[in-house]
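Q: Shown below is the structure under consideration.
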Amino acid sequence: MAQASARHILVSTEAKCNELKTSIENGADFAQVAKENSSCPSSRDGGNLGTFGPGQMVKEFDTVVFSAPVGVVQGPVKTQFGYHLVEVTSRQD
């Protein structure tokens, strides 16, 4: 079964999500941005969600994690929780 590791940043607005994505693309550290901005408890660990399989996360999130290139920040991804920036850190298909 496929497994992936990912980290994310969760914020309440698409505008904030885009602003943070621009910061990361301009060299800001993903983990630091997560610690300072993400509303998810994973922010304490730089947004790290650990390793999980398909179907363990909400559908919109799952789709990105199991299709996006590894190491490229994706988003904004809208879910019922808010807006996410997602970076797949590893994946075994």
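Lettering and numbering for the structure tokens are positional, with chains as A, B, ... in the shown order, residues counted from 1 in each chain, and ligands counted from 1 in the shown order.
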Sort by chain and increasing residue number a table of all residues of segment 29-63 of chain A within 9 Å of segment 15-25 of chain A, each with its closest pair of atoms and their distance in Å to one decimal, counting only C-alpha atoms, and write it as CSV.
A:
```
residue,atom,partner,partner_atom,distance
A:Asp29,CA,A:Ile24,CA,6.2
A:Phe30,CA,A:Ile24,CA,6.1
A:Val33,CA,A:Leu20,CA,7.3
A:Asn37,CA,A:Leu20,CA,8.5
```
Q: Could you turn the residues from that selection into a file that holds N, CA and C atoms, as an mmCIF file, in the first residue's frame?
A:
```cif
data_model
loop_
_atom_site.group_PDB
_atom_site.id
_atom_site.type_symbol
_atom_site.label_atom_id
_atom_site.label_comp_id
_atom_site.auth_asym_id
_atom_site.auth_seq_id
_atom_site.Cartn_x
_atom_site.Cartn_y
_atom_site.Cartn_z
ATOM 1 N N ASP A 29 11.749 29.452 5.685
ATOM 2 C CA ASP A 29 11.775 28.062 6.097
ATOM 3 C C ASP A 29 10.348 27.559 6.377
ATOM 4 N N PHE A 30 9.960 26.483 5.701
ATOM 5 C CA PHE A 30 8.603 25.943 5.835
ATOM 6 C C PHE A 30 8.265 25.673 7.297
ATOM 7 N N VAL A 33 7.703 28.873 9.276
ATOM 8 C CA VAL A 33 6.430 29.495 8.888
ATOM 9 C C VAL A 33 5.262 28.720 9.521
ATOM 10 N N ASN A 37 2.520 30.352 12.097
ATOM 11 C CA ASN A 37 1.240 30.689 11.463
ATOM 12 C C ASN A 37 0.170 29.610 11.470
#
```
Q: Pick out the residues sitting within 9 Å of Thr63 of chain A, and hand them over as a list of chain:residue names; count only C-alpha atoms, and ignore anything fewer than 5 positions along from it in its own chain.
A: A:Pro54, A:Val58, A:Ala68
Q: I'd like to know which residues of chain A are alpha helix (DSSP H) (by DSSP, run on the backbone); could you write them as a PyMOL selection string?
A: chain A and resi 14-25+30-37+59-65
Q: What lies within 10 Å of segment 87-91 of chain A using only C-alpha atoms, ignoring chain neighbours under 3 positions off, as number ranges by chain?
A: A: 2-9, 30, 47-53, 64-75, 84
Q: Assign secondary structure with DSSP using the backbone only, and return the residues of chain A in strand (DSSP E or B) as an MDAnalysis selection string.
A: chainID A and resid 3:11 48:52 74:79 82:92
Q: Mind writing the picked residues with N, CA and C atoms as an mmCIF file, in the first residue's frame?
A:
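File written: selection22.cif
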```cif
data_model
loop_
_atom_site.group_PDB
_atom_site.id
_atom_site.type_symbol
_atom_site.label_atom_id
_atom_site.label_comp_id
_atom_site.auth_asym_id
_atom_site.auth_seq_id
_atom_site.Cartn_x
_atom_site.Cartn_y
_atom_site.Cartn_z
ATOM 1 N N GLN A 3 2.341 4.824 0.864
ATOM 2 C CA GLN A 3 2.537 5.572 2.105
ATOM 3 C C GLN A 3 3.183 6.898 1.736
ATOM 4 N N ALA A 4 2.826 7.941 2.473
ATOM 5 C CA ALA A 4 3.431 9.249 2.222
ATOM 6 C C ALA A 4 3.721 9.919 3.559
ATOM 7 N N SER A 5 4.708 10.791 3.535
ATOM 8 C CA SER A 5 4.973 11.689 4.655
ATOM 9 C C SER A 5 4.798 13.097 4.123
ATOM 10 N N ALA A 6 4.175 13.947 4.937
ATOM 11 C CA ALA A 6 3.927 15.314 4.482
ATOM 12 C C ALA A 6 3.956 16.261 5.671
ATOM 13 N N ARG A 7 4.080 17.528 5.342
ATOM 14 C CA ARG A 7 3.929 18.575 6.344
ATOM 15 C C ARG A 7 3.009 19.622 5.758
ATOM 16 N N HIS A 8 2.344 20.377 6.643
ATOM 17 C CA HIS A 8 1.385 21.354 6.130
ATOM 18 C C HIS A 8 1.297 22.556 7.046
ATOM 19 N N ILE A 9 0.694 23.589 6.504
ATOM 20 C CA ILE A 9 0.377 24.808 7.240
ATOM 21 C C ILE A 9 -1.114 25.034 7.038
ATOM 22 N N LEU A 10 -1.838 25.231 8.136
ATOM 23 C CA LEU A 10 -3.288 25.435 8.072
ATOM 24 C C LEU A 10 -3.618 26.844 8.536
ATOM 25 N N VAL A 11 -4.303 27.596 7.665
ATOM 26 C CA VAL A 11 -4.748 28.953 8.002
ATOM 27 C C VAL A 11 -6.213 29.104 7.603
ATOM 28 N N ASN A 48 4.786 18.933 10.549
ATOM 29 C CA ASN A 48 4.998 17.537 10.189
ATOM 30 C C ASN A 48 3.802 16.673 10.593
ATOM 31 N N LEU A 49 3.269 15.919 9.624
ATOM 32 C CA LEU A 49 2.125 15.042 9.864
ATOM 33 C C LEU A 49 2.524 13.571 9.977
ATOM 34 N N GLY A 50 3.799 13.282 9.802
ATOM 35 C CA GLY A 50 4.240 11.891 9.859
ATOM 36 C C GLY A 50 3.885 11.129 8.597
ATOM 37 N N THR A 51 3.827 9.794 8.731
ATOM 38 C CA THR A 51 3.571 8.918 7.592
ATOM 39 C C THR A 51 2.151 8.368 7.680
ATOM 40 N N PHE A 52 1.474 8.318 6.542
ATOM 41 C CA PHE A 52 0.092 7.840 6.507
ATOM 42 C C PHE A 52 -0.203 7.266 5.135
ATOM 43 N N GLN A 74 2.481 22.786 -2.339
ATOM 44 C CA GLN A 74 1.210 22.839 -3.064
ATOM 45 C C GLN A 74 0.208 23.669 -2.273
ATOM 46 N N GLY A 75 -0.675 24.334 -2.967
ATOM 47 C CA GLY A 75 -1.739 25.033 -2.259
ATOM 48 C C GLY A 75 -2.015 26.383 -2.881
ATOM 49 N N PRO A 76 -3.017 27.026 -2.366
ATOM 50 C CA PRO A 76 -3.888 26.630 -1.268
ATOM 51 C C PRO A 76 -4.762 25.420 -1.613
ATOM 52 N N VAL A 77 -4.885 24.521 -0.635
ATOM 53 C CA VAL A 77 -5.775 23.379 -0.729
ATOM 54 C C VAL A 77 -6.895 23.612 0.283
ATOM 55 N N LYS A 78 -8.125 23.750 -0.212
ATOM 56 C CA LYS A 78 -9.260 24.052 0.678
ATOM 57 C C LYS A 78 -9.879 22.757 1.185
ATOM 58 N N THR A 79 -10.044 22.675 2.505
ATOM 59 C CA THR A 79 -10.766 21.560 3.132
ATOM 60 C C THR A 79 -11.767 22.158 4.119
ATOM 61 N N GLY A 82 -10.019 24.583 6.604
ATOM 62 C CA GLY A 82 -9.467 25.866 6.190
ATOM 63 C C GLY A 82 -8.629 25.686 4.942
ATOM 64 N N TYR A 83 -7.561 26.464 4.851
ATOM 65 C CA TYR A 83 -6.679 26.440 3.679
ATOM 66 C C TYR A 83 -5.313 25.918 4.093
ATOM 67 N N HIS A 84 -4.812 24.979 3.304
ATOM 68 C CA HIS A 84 -3.535 24.340 3.621
ATOM 69 C C HIS A 84 -2.493 24.634 2.554
ATOM 70 N N LEU A 85 -1.254 24.758 3.007
ATOM 71 C CA LEU A 85 -0.097 24.577 2.139
ATOM 72 C C LEU A 85 0.414 23.191 2.476
ATOM 73 N N VAL A 86 0.706 22.399 1.472
ATOM 74 C CA VAL A 86 1.098 21.006 1.675
ATOM 75 C C VAL A 86 2.416 20.757 0.966
ATOM 76 N N GLU A 87 3.344 20.104 1.674
ATOM 77 C CA GLU A 87 4.576 19.649 1.040
ATOM 78 C C GLU A 87 4.734 18.165 1.331
ATOM 79 N N VAL A 88 4.760 17.358 0.271
ATOM 80 C CA VAL A 88 5.013 15.930 0.407
ATOM 81 C C VAL A 88 6.520 15.786 0.635
ATOM 82 N N THR A 89 6.896 15.177 1.762
ATOM 83 C CA THR A 89 8.331 15.029 2.054
ATOM 84 C C THR A 89 8.877 13.681 1.593
ATOM 85 N N SER A 90 8.016 12.667 1.474
ATOM 86 C CA SER A 90 8.413 11.393 0.880
ATOM 87 C C SER A 90 7.162 10.599 0.514
ATOM 88 N N ARG A 91 7.331 9.655 -0.414
ATOM 89 C CA ARG A 91 6.180 8.824 -0.808
ATOM 90 C C ARG A 91 6.708 7.515 -1.397
ATOM 91 N N GLN A 92 6.102 6.422 -0.976
ATOM 92 C CA GLN A 92 6.352 5.124 -1.598
ATOM 93 C C GLN A 92 5.034 4.659 -2.200
#
```
